[in-house]
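Structure file coords_0.txt (compact mmCIF, C-alpha atoms and all ligand atoms) follows.
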```txt
# COMPACT_ATOMS: atom_id res chain seq x y z
CA MET A 1 15.67 -43.26 10.05
CA SER A 2 17.86 -44.30 7.12
CA GLU A 3 19.20 -40.81 6.35
CA CYS A 4 19.31 -37.54 8.22
CA PRO A 5 16.71 -35.10 6.88
CA VAL A 6 17.72 -31.72 5.54
CA VAL A 7 16.56 -29.01 7.94
CA LEU A 8 15.62 -25.63 6.45
CA ASN A 9 14.86 -22.62 8.59
CA LYS A 10 12.50 -19.73 7.86
CA ASP A 11 15.03 -17.51 6.09
CA GLU A 12 16.12 -20.38 3.86
CA VAL A 13 12.53 -21.27 2.98
CA ILE A 14 11.82 -17.62 2.08
CA ARG A 15 14.99 -17.44 -0.02
CA LEU A 16 14.29 -20.70 -1.85
CA LEU A 17 10.56 -20.24 -2.52
CA SER A 18 9.88 -18.21 -5.65
CA LEU A 19 6.37 -16.89 -6.22
CA GLU A 20 6.85 -17.12 -9.97
CA ASP A 21 7.43 -20.87 -9.67
CA LEU A 22 4.86 -21.40 -6.93
CA ILE A 23 1.78 -19.90 -8.57
CA PRO A 24 1.68 -22.09 -11.71
CA ARG A 25 2.44 -25.22 -9.63
CA LEU A 26 -0.41 -24.39 -7.23
CA GLU A 27 -2.79 -23.81 -10.14
CA SER A 28 -1.86 -27.09 -11.68
CA ALA A 29 -2.13 -29.05 -8.39
CA MET A 30 -5.46 -27.48 -7.42
CA GLY A 31 -6.86 -28.13 -10.88
CA LYS A 32 -5.76 -31.74 -10.62
CA PHE A 33 -7.18 -32.10 -7.10
CA SER A 34 -10.58 -30.93 -8.34
CA ARG A 35 -10.62 -33.64 -11.01
CA ARG A 36 -10.80 -36.14 -8.11
CA SER A 37 -11.03 -39.63 -9.64
CA THR A 38 -8.15 -39.09 -12.02
CA SER A 39 -6.09 -36.93 -9.72
CA GLY A 40 -3.76 -39.45 -8.02
CA ILE A 41 -3.89 -37.18 -4.99
CA ILE A 42 -4.85 -38.43 -1.54
CA GLN A 43 -5.61 -35.62 0.87
CA PRO A 44 -7.91 -36.28 3.82
CA VAL A 45 -9.61 -33.33 5.50
CA ARG A 46 -7.15 -32.11 8.12
CA SER A 47 -7.37 -33.62 11.59
CA VAL A 48 -7.61 -30.90 14.20
CA LEU A 49 -6.86 -31.49 17.84
CA PRO A 50 -8.18 -28.83 20.22
CA ILE A 51 -5.79 -27.53 22.88
CA HIS A 52 -8.67 -26.27 25.05
CA LYS A 53 -6.61 -25.00 27.92
CA HIS A 54 -4.65 -22.60 25.71
CA HIS A 55 -7.29 -21.62 23.11
CA GLY A 56 -5.35 -23.38 20.39
CA PHE A 57 -5.47 -26.17 17.84
CA LEU A 58 -3.00 -28.62 16.34
CA GLY A 59 -3.74 -29.47 12.71
CA LEU A 60 -2.27 -32.44 10.85
CA MET A 61 -2.27 -31.99 7.06
CA PRO A 62 -0.96 -35.06 5.19
CA VAL A 63 -1.05 -35.50 1.43
CA TYR A 64 0.25 -38.01 -1.10
CA MET A 65 0.68 -36.92 -4.71
CA ALA A 66 1.43 -40.20 -6.43
CA ASP A 67 2.31 -38.86 -9.90
CA GLU A 68 4.70 -36.28 -8.49
CA GLY A 69 6.23 -38.70 -5.96
CA VAL A 70 5.45 -36.30 -3.13
CA LEU A 71 4.55 -37.50 0.36
CA CYS A 72 4.23 -34.64 2.81
CA THR A 73 2.60 -33.49 5.98
CA LYS A 74 2.36 -30.17 7.72
CA LEU A 75 1.91 -29.88 11.45
CA VAL A 76 0.36 -26.54 12.26
CA THR A 77 -0.69 -24.93 15.51
CA PHE A 78 -3.03 -21.99 15.50
CA TYR A 79 -4.24 -20.00 18.46
CA ASN A 80 -6.89 -17.49 19.24
CA ARG A 81 -5.10 -15.45 21.80
CA ALA A 82 -4.51 -11.99 23.13
CA GLU A 83 -2.65 -9.56 20.86
CA ASN A 84 0.05 -8.96 23.46
CA CYS A 85 1.22 -12.61 23.23
CA THR A 86 4.66 -12.61 21.62
CA SER A 87 4.41 -16.03 19.91
CA PRO A 88 2.97 -16.06 16.39
CA SER A 89 -0.63 -17.26 16.35
CA THR A 90 0.07 -19.64 13.44
CA GLN A 91 3.20 -21.84 13.59
CA ALA A 92 4.08 -24.84 11.48
CA THR A 93 6.61 -27.44 10.41
CA VAL A 94 6.51 -29.25 7.07
CA LEU A 95 7.92 -32.75 6.61
CA LEU A 96 8.72 -34.24 3.21
CA PHE A 97 9.13 -38.03 3.00
CA ASP A 98 10.64 -40.44 0.52
CA PRO A 99 7.38 -42.14 -0.55
CA GLU A 100 9.13 -45.36 -1.57
CA ARG A 101 11.22 -45.97 1.52
CA GLY A 102 9.32 -43.94 4.07
CA HIS A 103 12.03 -41.83 5.66
CA VAL A 104 11.88 -38.06 6.16
CA THR A 105 13.97 -36.26 3.54
CA ALA A 106 13.38 -32.67 4.61
CA MET A 107 11.99 -30.80 7.55
CA MET A 108 11.33 -27.13 7.00
CA ASN A 109 9.83 -24.07 8.59
CA GLY A 110 6.13 -24.09 7.85
CA GLU A 111 5.30 -20.56 8.89
CA ALA A 112 6.92 -19.13 5.78
CA ILE A 113 5.31 -21.81 3.62
CA THR A 114 1.89 -21.17 5.18
CA ALA A 115 2.15 -17.41 4.79
CA ILE A 116 3.38 -17.45 1.20
CA ARG A 117 1.26 -20.29 -0.20
CA THR A 118 -1.95 -18.96 1.39
CA ALA A 119 -1.40 -15.52 -0.12
CA ALA A 120 -0.48 -17.10 -3.46
CA VAL A 121 -3.72 -19.12 -3.48
CA SER A 122 -5.73 -15.99 -2.62
CA ALA A 123 -3.98 -14.22 -5.49
CA ILE A 124 -5.01 -17.04 -7.83
CA SER A 125 -8.61 -16.58 -6.69
CA ALA A 126 -8.34 -12.82 -7.26
CA GLN A 127 -6.79 -13.32 -10.68
CA LEU A 128 -9.79 -15.44 -11.69
CA LEU A 129 -12.62 -13.67 -9.89
CA LYS A 130 -11.84 -10.00 -9.23
CA PRO A 131 -13.63 -7.27 -11.21
CA ALA A 132 -12.08 -6.54 -14.62
CA VAL A 133 -11.08 -3.11 -13.34
CA SER A 134 -9.74 -3.45 -9.80
CA ASP A 135 -8.23 -0.28 -8.39
CA VAL A 136 -8.70 -0.65 -4.64
CA LEU A 137 -7.36 -3.43 -2.42
CA CYS A 138 -8.50 -3.64 1.20
CA ILE A 139 -6.86 -5.82 3.84
CA LEU A 140 -8.73 -6.53 7.09
CA GLY A 141 -6.21 -7.62 9.73
CA SER A 142 -2.56 -6.72 10.27
CA GLY A 143 -0.80 -9.97 11.23
CA GLN A 144 1.35 -12.53 9.39
CA GLN A 145 -1.19 -13.29 6.68
CA ALA A 146 -1.98 -9.60 6.20
CA ARG A 147 1.69 -9.00 5.45
CA SER A 148 2.09 -11.95 3.08
CA HIS A 149 -1.11 -10.99 1.26
CA TYR A 150 0.10 -7.39 0.97
CA ASP A 151 3.44 -8.57 -0.44
CA VAL A 152 1.98 -11.02 -2.93
CA PHE A 153 -0.99 -8.91 -4.07
CA THR A 154 1.05 -5.75 -4.63
CA LYS A 155 3.69 -7.76 -6.47
CA ILE A 156 1.21 -9.40 -8.83
CA PHE A 157 -1.49 -6.75 -9.31
CA LYS A 158 -1.46 -3.00 -9.85
CA PHE A 159 -3.80 -1.27 -7.41
CA LYS A 160 -4.22 2.51 -7.26
CA GLU A 161 -5.00 2.38 -3.56
CA VAL A 162 -4.34 -0.09 -0.75
CA ARG A 163 -6.17 0.16 2.58
CA VAL A 164 -5.75 -1.65 5.85
CA TRP A 165 -7.97 -1.95 8.89
CA SER A 166 -7.08 -3.61 12.14
CA ARG A 167 -9.15 -3.93 15.27
CA ARG A 168 -6.57 -1.83 17.09
CA ARG A 169 -5.58 1.18 15.01
CA GLU A 170 -2.01 1.18 16.33
CA MET A 171 -1.53 -2.32 14.91
CA ALA A 172 -2.55 -1.07 11.46
CA GLU A 173 -0.21 1.90 11.87
CA ARG A 174 2.64 -0.42 12.81
CA PHE A 175 1.81 -2.59 9.78
CA VAL A 176 2.15 0.31 7.33
CA GLU A 177 5.35 1.64 8.92
CA ASP A 178 7.35 -1.22 7.39
CA LEU A 179 5.99 -0.74 3.87
CA GLU A 180 7.60 1.25 1.10
CA GLU A 181 4.40 2.21 -0.73
CA PRO A 182 1.65 4.30 0.91
CA VAL A 183 -1.22 2.37 2.49
CA VAL A 184 -4.29 4.06 3.94
CA VAL A 185 -5.10 3.16 7.56
CA CYS A 186 -8.87 3.03 8.05
CA CYS A 187 -10.81 3.52 11.26
CA SER A 188 -13.61 1.06 10.58
CA VAL A 189 -14.30 -2.00 8.46
CA ARG A 190 -17.04 -0.07 6.73
CA GLU A 191 -14.69 2.75 5.74
CA ALA A 192 -12.02 0.28 4.64
CA VAL A 193 -14.21 -1.85 2.37
CA SER A 194 -16.36 0.92 0.93
CA GLY A 195 -15.82 0.92 -2.84
CA ALA A 196 -13.02 -1.69 -2.61
CA ASP A 197 -12.69 -4.08 -5.54
CA VAL A 198 -10.70 -6.75 -3.73
CA ILE A 199 -11.02 -7.45 0.01
CA VAL A 200 -8.80 -9.82 1.94
CA THR A 201 -9.99 -10.93 5.38
CA VAL A 202 -7.07 -12.24 7.44
CA THR A 203 -8.25 -11.89 11.00
CA GLY A 204 -8.62 -14.03 14.08
CA ALA A 205 -12.29 -13.04 14.30
CA THR A 206 -14.79 -15.61 15.53
CA GLU A 207 -17.88 -13.48 14.80
CA PRO A 208 -18.70 -11.75 11.50
CA ILE A 209 -16.80 -8.50 10.98
CA LEU A 210 -17.70 -7.94 7.30
CA GLY A 211 -21.28 -7.22 6.23
CA ALA A 212 -22.79 -7.45 2.75
CA GLU A 213 -24.32 -3.97 3.04
CA TRP A 214 -20.90 -2.24 2.99
CA ILE A 215 -19.53 -4.00 -0.06
CA LYS A 216 -19.50 -2.79 -3.63
CA SER A 217 -21.46 -5.12 -5.89
CA GLY A 218 -19.04 -7.25 -7.89
CA ALA A 219 -16.23 -7.11 -5.33
CA HIS A 220 -14.06 -10.17 -4.75
CA ILE A 221 -13.39 -11.29 -1.19
CA ALA A 222 -10.59 -13.67 -0.27
CA ALA A 223 -11.77 -14.88 3.16
CA VAL A 224 -8.76 -16.47 4.82
CA GLY A 225 -9.48 -16.45 8.57
CA ALA A 226 -12.29 -18.27 10.45
CA CYS A 227 -10.99 -21.79 9.94
CA ARG A 228 -13.18 -23.46 12.56
CA PRO A 229 -16.78 -24.62 12.14
CA ASP A 230 -17.96 -22.11 14.76
CA TRP A 231 -15.83 -19.13 13.65
CA ARG A 232 -16.98 -16.41 11.27
CA GLU A 233 -15.60 -13.42 9.40
CA LEU A 234 -18.41 -12.76 6.91
CA ASP A 235 -22.09 -12.22 7.66
CA ASP A 236 -24.96 -14.46 6.53
CA VAL A 237 -26.24 -12.10 3.85
CA LEU A 238 -22.84 -11.81 2.18
CA MET A 239 -22.33 -15.58 2.30
CA ARG A 240 -25.77 -16.28 0.84
CA GLU A 241 -25.76 -13.57 -1.83
CA ALA A 242 -22.22 -13.98 -3.16
CA LEU A 243 -20.97 -16.79 -5.36
CA VAL A 244 -18.91 -18.84 -2.94
CA TYR A 245 -15.79 -20.69 -4.05
CA VAL A 246 -13.62 -22.89 -1.82
CA ASP A 247 -10.30 -24.68 -2.00
CA SER A 248 -11.87 -28.03 -1.07
CA ARG A 249 -15.60 -28.76 -0.74
CA ASP A 250 -14.95 -31.46 1.88
CA GLY A 251 -12.75 -29.11 3.89
CA ALA A 252 -15.25 -26.27 3.65
CA HIS A 253 -18.20 -28.37 4.77
CA ALA A 254 -16.21 -29.70 7.73
CA GLU A 255 -14.38 -26.56 8.84
CA SER A 256 -15.84 -23.29 7.62
CA GLY A 257 -18.16 -21.56 10.06
CA ASP A 258 -18.92 -18.99 7.37
CA ILE A 259 -20.32 -21.75 5.15
CA ILE A 260 -21.80 -24.12 7.74
CA LEU A 261 -23.52 -21.50 9.89
CA SER A 262 -24.82 -19.30 7.06
CA GLY A 263 -26.14 -22.26 5.08
CA ALA A 264 -24.43 -20.84 1.97
CA GLN A 265 -24.10 -23.08 -1.07
CA VAL A 266 -20.64 -23.75 -2.44
CA PHE A 267 -20.64 -22.70 -6.11
CA GLY A 268 -17.33 -24.34 -6.95
CA GLU A 269 -13.78 -25.19 -6.04
CA LEU A 270 -10.99 -22.93 -7.19
CA GLY A 271 -9.56 -25.96 -9.00
CA GLU A 272 -12.83 -26.28 -10.95
CA VAL A 273 -12.53 -22.66 -12.08
CA ILE A 274 -8.93 -23.33 -13.09
CA ASN A 275 -10.13 -26.40 -15.04
CA GLY A 276 -12.90 -24.36 -16.71
CA SER A 277 -15.62 -26.68 -15.34
CA VAL A 278 -17.17 -23.94 -13.13
CA PRO A 279 -17.68 -20.38 -14.38
CA ALA A 280 -16.09 -17.26 -12.91
CA PRO A 281 -18.40 -14.30 -13.61
CA ARG A 282 -16.30 -11.26 -12.68
CA GLU A 283 -19.30 -8.94 -12.52
CA LYS A 284 -20.78 -10.89 -9.56
CA THR A 285 -19.78 -10.50 -5.93
CA THR A 286 -17.55 -13.48 -5.22
CA VAL A 287 -16.11 -15.01 -2.04
CA PHE A 288 -13.17 -17.38 -2.05
CA LYS A 289 -13.38 -19.15 1.31
CA SER A 290 -9.84 -20.35 1.93
CA LEU A 291 -9.12 -22.97 4.57
CA GLY A 292 -5.73 -24.17 3.44
CA MET A 293 -4.81 -27.59 2.05
CA GLY A 294 -1.91 -29.95 2.65
CA LEU A 295 -1.56 -30.08 -1.10
CA GLN A 296 -0.59 -26.41 -1.20
CA ASP A 297 2.07 -26.95 1.45
CA ALA A 298 3.40 -30.00 -0.39
CA VAL A 299 3.73 -28.09 -3.66
CA ALA A 300 5.61 -25.29 -1.91
CA ALA A 301 7.81 -27.66 0.10
CA LYS A 302 8.77 -29.64 -2.98
CA LEU A 303 9.78 -26.44 -4.76
CA VAL A 304 11.90 -25.41 -1.77
CA PHE A 305 13.57 -28.81 -1.48
CA ASP A 306 14.23 -29.14 -5.23
CA LYS A 307 15.78 -25.67 -5.28
CA TRP A 308 17.92 -26.53 -2.27
CA LYS A 309 19.12 -29.74 -3.95
CA SER A 310 19.94 -27.86 -7.15
CA GLU A 311 22.32 -25.65 -5.15
CA GLN A 312 24.29 -28.56 -3.59
N1 LIG A 401 -6.84 -20.21 4.98
C1 LIG A 401 -5.61 -20.56 5.26
O1 LIG A 401 -4.97 -21.30 4.53
C2 LIG A 401 -4.97 -20.04 6.49
C3 LIG A 401 -5.71 -19.30 7.39
N2 LIG A 401 -5.14 -18.78 8.51
C4 LIG A 401 -5.99 -17.99 9.36
O2 LIG A 401 -5.82 -16.63 8.98
C5 LIG A 401 -6.06 -15.78 10.10
C6 LIG A 401 -4.87 -14.84 10.27
O3 LIG A 401 -3.71 -15.60 10.56
P1 LIG A 401 -2.35 -14.88 10.99
O4 LIG A 401 -2.11 -13.70 10.14
O5 LIG A 401 -1.34 -15.96 11.05
O6 LIG A 401 -2.70 -14.40 12.45
P2 LIG A 401 -2.12 -13.12 13.22
O7 LIG A 401 -2.40 -13.39 14.66
O8 LIG A 401 -0.76 -12.82 12.79
O9 LIG A 401 -3.08 -11.94 12.73
C7 LIG A 401 -4.43 -11.94 13.11
C8 LIG A 401 -5.04 -10.57 12.89
O10 LIG A 401 -6.42 -10.65 13.23
C9 LIG A 401 -6.72 -9.63 14.17
N3 LIG A 401 -7.79 -10.13 15.05
C10 LIG A 401 -7.71 -11.06 16.01
N4 LIG A 401 -8.92 -11.25 16.55
C11 LIG A 401 -9.77 -10.43 15.92
C12 LIG A 401 -11.15 -10.16 16.04
N5 LIG A 401 -11.91 -10.80 16.92
N6 LIG A 401 -11.71 -9.25 15.21
C13 LIG A 401 -10.95 -8.62 14.30
N7 LIG A 401 -9.63 -8.81 14.15
C14 LIG A 401 -9.06 -9.71 14.95
C15 LIG A 401 -5.43 -9.33 14.91
O11 LIG A 401 -5.47 -8.04 15.41
C16 LIG A 401 -4.43 -9.49 13.76
O12 LIG A 401 -4.37 -8.30 13.01
C17 LIG A 401 -6.28 -16.71 11.28
O13 LIG A 401 -7.66 -16.89 11.44
C18 LIG A 401 -5.64 -18.01 10.84
O14 LIG A 401 -6.17 -19.15 11.47
C19 LIG A 401 -3.80 -18.93 8.76
C20 LIG A 401 -3.04 -19.69 7.91
C21 LIG A 401 -3.55 -20.31 6.72
O1 LIG A 402 -3.84 -24.18 6.13
C1 LIG A 402 -3.33 -23.87 7.22
O2 LIG A 402 -2.14 -24.04 7.48
C2 LIG A 402 -4.20 -23.30 8.25
N1 LIG A 402 -5.43 -23.03 8.04
C3 LIG A 402 -6.06 -22.49 9.20
C4 LIG A 402 -5.00 -22.37 10.20
C5 LIG A 402 -3.78 -22.94 9.57
```
Could I get this structure in the form of structure tokens?
Amino acid sequence: MSECPVVLNKDEVIRLLSLEDLIPRLESAMGKFSRRSTSGIIQPVRSVLPIHKHHGFLGLMPVYMADEGVLCTKLVTFYNRAENCTSPSTQATVLLFDPERGHVTAMMNGEAITAIRTAAVSAISAQLLKPAVSDVLCILGSGQQARSHYDVFTKIFKFKEVRVWSRRREMAERFVEDLEEPVVVCCSVREAVSGADVIVTVTGATEPILGAEWIKSGAHIAAVGACRPDWRELDDVLMREALVYVDSRDGAHAESGDIILSGAQVFGELGEVINGSVPAPREKTTVFKSLGMGLQDAVAAKLVFDKWKSEQ
């Protein structure tokens, strides 16, 4: 190693990563990614190594953005484990490299990056696809992603009501205890999503928990969990009847149980909507099936590192 990398912990990443800077950079990078041949971005579908014995996975998410001079990879572990386990179910480290010389320039906490960039991408999907009048936000799940989605969505949008459901009610109650604004704790998914304009699914579910029959026509769903080809959050009818958008078609066809097992057609990539090459009819029920891309981590990590350098 020719130089020692800068090491940034979770608090530093949170301090250095501004949502205002992140969102336009993500839009621009995802738009560019969806232009493929002219994009100058190399991002293979993530390699995922199963850790059978412990119900977990190790994902490797490299990306090279030639025009931006960004070479990056995230290493992420994610587990499907009991709620009483004290370790976070998603943990990650992001490495930035010098693309010319090959050494690592920065190593940073990837949990913060994963939480913030995933919520920011979901917010971009909601900005483009949610109903013109969106008063009610519903969050299904009460973990790390639930919190980052709550923070980002309530910062960017104005909802009249926010609801949360968690499989164990006490987890939802604990979730709302930390919040300054009132959030309604719901007893069932059906109650939580009924009449909601925007629904975020951020659970560790492996079977569908959200059915088409409970959802208001025209709602927008940011479906963030179920990142394995045999895991589900949404039922077949919802997947087949909604317009389904993804972050990456290749990723979705390789990794999304909601898409693979329902046989749903992908209507477009979020980047294509950003580019204006795929329509975004707000009156239709829409699903953004998020899987996460190395590109999103790279954009966030570069922002963090550039900000850190500007302070030296
Ligand atoms: N699309 C993306 O870019 C990313 C997706 N994820 C995925 O998002 C989901 C949430 O991640 P975290 O918030 O980090 O996890 P977490 O463990 O902090 O929260 C998971 C939540 O799901 C609930 N849950 C677990 N099993 C369930 C089940 N069978 N039915 C209903 N609820 C259940 C838990 O009670 C908890 O509220 C996971 O599936 C994770 O793999 C995580 C990071 C990025
Ligand atoms: O993009 C990401 O980091 C992940 N997606 C699913 C689990 C972790």
Exercise. Enumerate as a PyMOL selection string the residues within 6 Å of ligand LIG 402 (chain A), counting only C-alpha atoms and all ligand atoms.
Key: chain A and resi 76+78+114+227+291-293
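Comparing A:Val70, A:Ala264, A:Ile42, A:Ala223 by their smallest distance to Ala123 in chain A, the closest is A:Ala223 (using only C-alpha atoms).
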Quiz prompt | Selection near range 89-104 of chain A, 8 Å with only C-alpha atoms, sequence-local residues under 5 positions removed, as an MDAnalysis selection string | solution = chainID A and resid 1:5 69:81 109:111 114 297:298 301:302
Just C-alpha atoms for this one: save the residues we selected as a compact mmCIF listing (two decimals), keeping the file's coordinate frame.
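Contents of selection30.txt, as written:
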```txt
# COMPACT_ATOMS: atom_id res chain seq x y z
CA MET A 1 15.67 -43.26 10.05
CA SER A 2 17.86 -44.30 7.12
CA GLU A 3 19.20 -40.81 6.35
CA CYS A 4 19.31 -37.54 8.22
CA PRO A 5 16.71 -35.10 6.88
CA GLY A 69 6.23 -38.70 -5.96
CA VAL A 70 5.45 -36.30 -3.13
CA LEU A 71 4.55 -37.50 0.36
CA CYS A 72 4.23 -34.64 2.81
CA THR A 73 2.60 -33.49 5.98
CA LYS A 74 2.36 -30.17 7.72
CA LEU A 75 1.91 -29.88 11.45
CA VAL A 76 0.36 -26.54 12.26
CA THR A 77 -0.69 -24.93 15.51
CA PHE A 78 -3.03 -21.99 15.50
CA TYR A 79 -4.24 -20.00 18.46
CA ASN A 80 -6.89 -17.49 19.24
CA ARG A 81 -5.10 -15.45 21.80
CA ASN A 109 9.83 -24.07 8.59
CA GLY A 110 6.13 -24.09 7.85
CA GLU A 111 5.30 -20.56 8.89
CA THR A 114 1.89 -21.17 5.18
CA ASP A 297 2.07 -26.95 1.45
CA ALA A 298 3.40 -30.00 -0.39
CA ALA A 301 7.81 -27.66 0.10
CA LYS A 302 8.77 -29.64 -2.98
```
Exercise. List all protein, DNA and RNA residues that have an atom no more than 7 Å from any atom of ligand LIG 401 (chain A), counting only C-alpha atoms and all ligand atoms, and report them as a VMD selection string.
Key: chain A and resid 78 83 88 to 90 114 to 115 118 141 to 146 166 to 168 171 202 to 207 209 224 to 227 290 to 293
Selection export as a PDB file, in the frame of the given file, atoms kept: C-alpha atoms:
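Output saved as out29.pdb:
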```pdb
ATOM      1  CA  PHE A  78      -3.030 -21.990  15.500  1.00  0.00           C
ATOM      2  CA  GLU A  83      -2.650  -9.560  20.860  1.00  0.00           C
ATOM      3  CA  PRO A  88       2.970 -16.060  16.390  1.00  0.00           C
ATOM      4  CA  SER A  89      -0.630 -17.260  16.350  1.00  0.00           C
ATOM      5  CA  THR A  90       0.070 -19.640  13.440  1.00  0.00           C
ATOM      6  CA  THR A 114       1.890 -21.170   5.180  1.00  0.00           C
ATOM      7  CA  ALA A 115       2.150 -17.410   4.790  1.00  0.00           C
ATOM      8  CA  THR A 118      -1.950 -18.960   1.390  1.00  0.00           C
ATOM      9  CA  GLY A 141      -6.210  -7.620   9.730  1.00  0.00           C
ATOM     10  CA  SER A 142      -2.560  -6.720  10.270  1.00  0.00           C
ATOM     11  CA  GLY A 143      -0.800  -9.970  11.230  1.00  0.00           C
ATOM     12  CA  GLN A 144       1.350 -12.530   9.390  1.00  0.00           C
ATOM     13  CA  GLN A 145      -1.190 -13.290   6.680  1.00  0.00           C
ATOM     14  CA  ALA A 146      -1.980  -9.600   6.200  1.00  0.00           C
ATOM     15  CA  SER A 166      -7.080  -3.610  12.140  1.00  0.00           C
ATOM     16  CA  ARG A 167      -9.150  -3.930  15.270  1.00  0.00           C
ATOM     17  CA  ARG A 168      -6.570  -1.830  17.090  1.00  0.00           C
ATOM     18  CA  MET A 171      -1.530  -2.320  14.910  1.00  0.00           C
ATOM     19  CA  VAL A 202      -7.070 -12.240   7.440  1.00  0.00           C
ATOM     20  CA  THR A 203      -8.250 -11.890  11.000  1.00  0.00           C
ATOM     21  CA  GLY A 204      -8.620 -14.030  14.080  1.00  0.00           C
ATOM     22  CA  ALA A 205     -12.290 -13.040  14.300  1.00  0.00           C
ATOM     23  CA  THR A 206     -14.790 -15.610  15.530  1.00  0.00           C
ATOM     24  CA  GLU A 207     -17.880 -13.480  14.800  1.00  0.00           C
ATOM     25  CA  ILE A 209     -16.800  -8.500  10.980  1.00  0.00           C
ATOM     26  CA  VAL A 224      -8.760 -16.470   4.820  1.00  0.00           C
ATOM     27  CA  GLY A 225      -9.480 -16.450   8.570  1.00  0.00           C
ATOM     28  CA  ALA A 226     -12.290 -18.270  10.450  1.00  0.00           C
ATOM     29  CA  CYS A 227     -10.990 -21.790   9.940  1.00  0.00           C
ATOM     30  CA  SER A 290      -9.840 -20.350   1.930  1.00  0.00           C
ATOM     31  CA  LEU A 291      -9.120 -22.970   4.570  1.00  0.00           C
ATOM     32  CA  GLY A 292      -5.730 -24.170   3.440  1.00  0.00           C
ATOM     33  CA  MET A 293      -4.810 -27.590   2.050  1.00  0.00           C
TER      34      MET A 293
END
```
Quiz item: Which of these residues is nearest to Ala192 in chain A, using all atoms listed in the file: A:Tyr64, A:Leu140, A:Arg174, A:Arg232?
Solution: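 When distances to Ala192 in chain A are compared using all atoms listed in the file, the smallest one comes from A:Leu140.
For the residues A:Arg282, A:Arg35, A:His149, A:Lys155, ranking by smallest atom-to-atom distance to Ala219 in chain A using only C-alpha atoms places A:Arg282 first.
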Exercise. Could you tell me how far CA of Phe157 in chain A lies from CA of Glu213 in chain A, in Å and to one decimal?
Key: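 Calculated distance between CA of Phe157 in chain A and CA of Glu213 in chain A is 26.1 Å.
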Quiz prompt | Who sits within 7 Å of Phe159 in chain A, all atoms listed in the file, same chain under 6 positions skipped, as a ChimeraX atom specification | solution = /A:134-137
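Here the question is which of A:Ala242, A:Ala254, A:Met30, A:Leu128 gets nearest to Phe267 in chain A using only C-alpha atoms, and that residue is A:Ala242.
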Practice problem: Could you check how far CA of Asp306 in chain A sits from CA of Ala106 in chain A, in Å to one decimal? | Solution: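 Value for the CA of Asp306 in chain A-CA of Ala106 in chain A distance: 10.5 Å.
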Practice problem: Identify, on the basis of all atoms listed in the file, every residue whose closest approach to Ala212 in chain A does not exceed 7 Å; exclude the query and any residue fewer than 3 positions from it along the same chain; express the result as a ChimeraX atom specification. | Solution: /A:215,235,237-238
Quiz prompt | All residues 7 Å or closer to Glu27 in chain A, only C-alpha atoms, same chain fewer than 4 positions away omitted, as an NGL selection string | solution = :A and (23 or 31 or 274)
Selection from above, C-alpha atoms, as an mmCIF file, in the coordinates of the input, can you write it?
```
data_model
loop_
_atom_site.group_PDB
_atom_site.id
_atom_site.type_symbol
_atom_site.label_atom_id
_atom_site.label_comp_id
_atom_site.auth_asym_id
_atom_site.auth_seq_id
_atom_site.Cartn_x
_atom_site.Cartn_y
_atom_site.Cartn_z
ATOM 1 C CA ILE A 23 1.780 -19.900 -8.570
ATOM 2 C CA GLY A 31 -6.860 -28.130 -10.880
ATOM 3 C CA ILE A 274 -8.930 -23.330 -13.090
#
```
Self-check item: 6 Å contact set for Gly294 in chain A, only C-alpha atoms, chain neighbours under 5 positions out, as a PyMOL selection string
Solution: chain A and resi 61-63
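Straight-line separation from CA of Pro182 in chain A to CA of Lys160 in chain A: 10.2 Å.
The nearest approach to Ile259 in chain A among the residues A:Cys186, A:Ile124, A:Ala29, A:Val246, with all atoms listed in the file taken into account, belongs to A:Val246.
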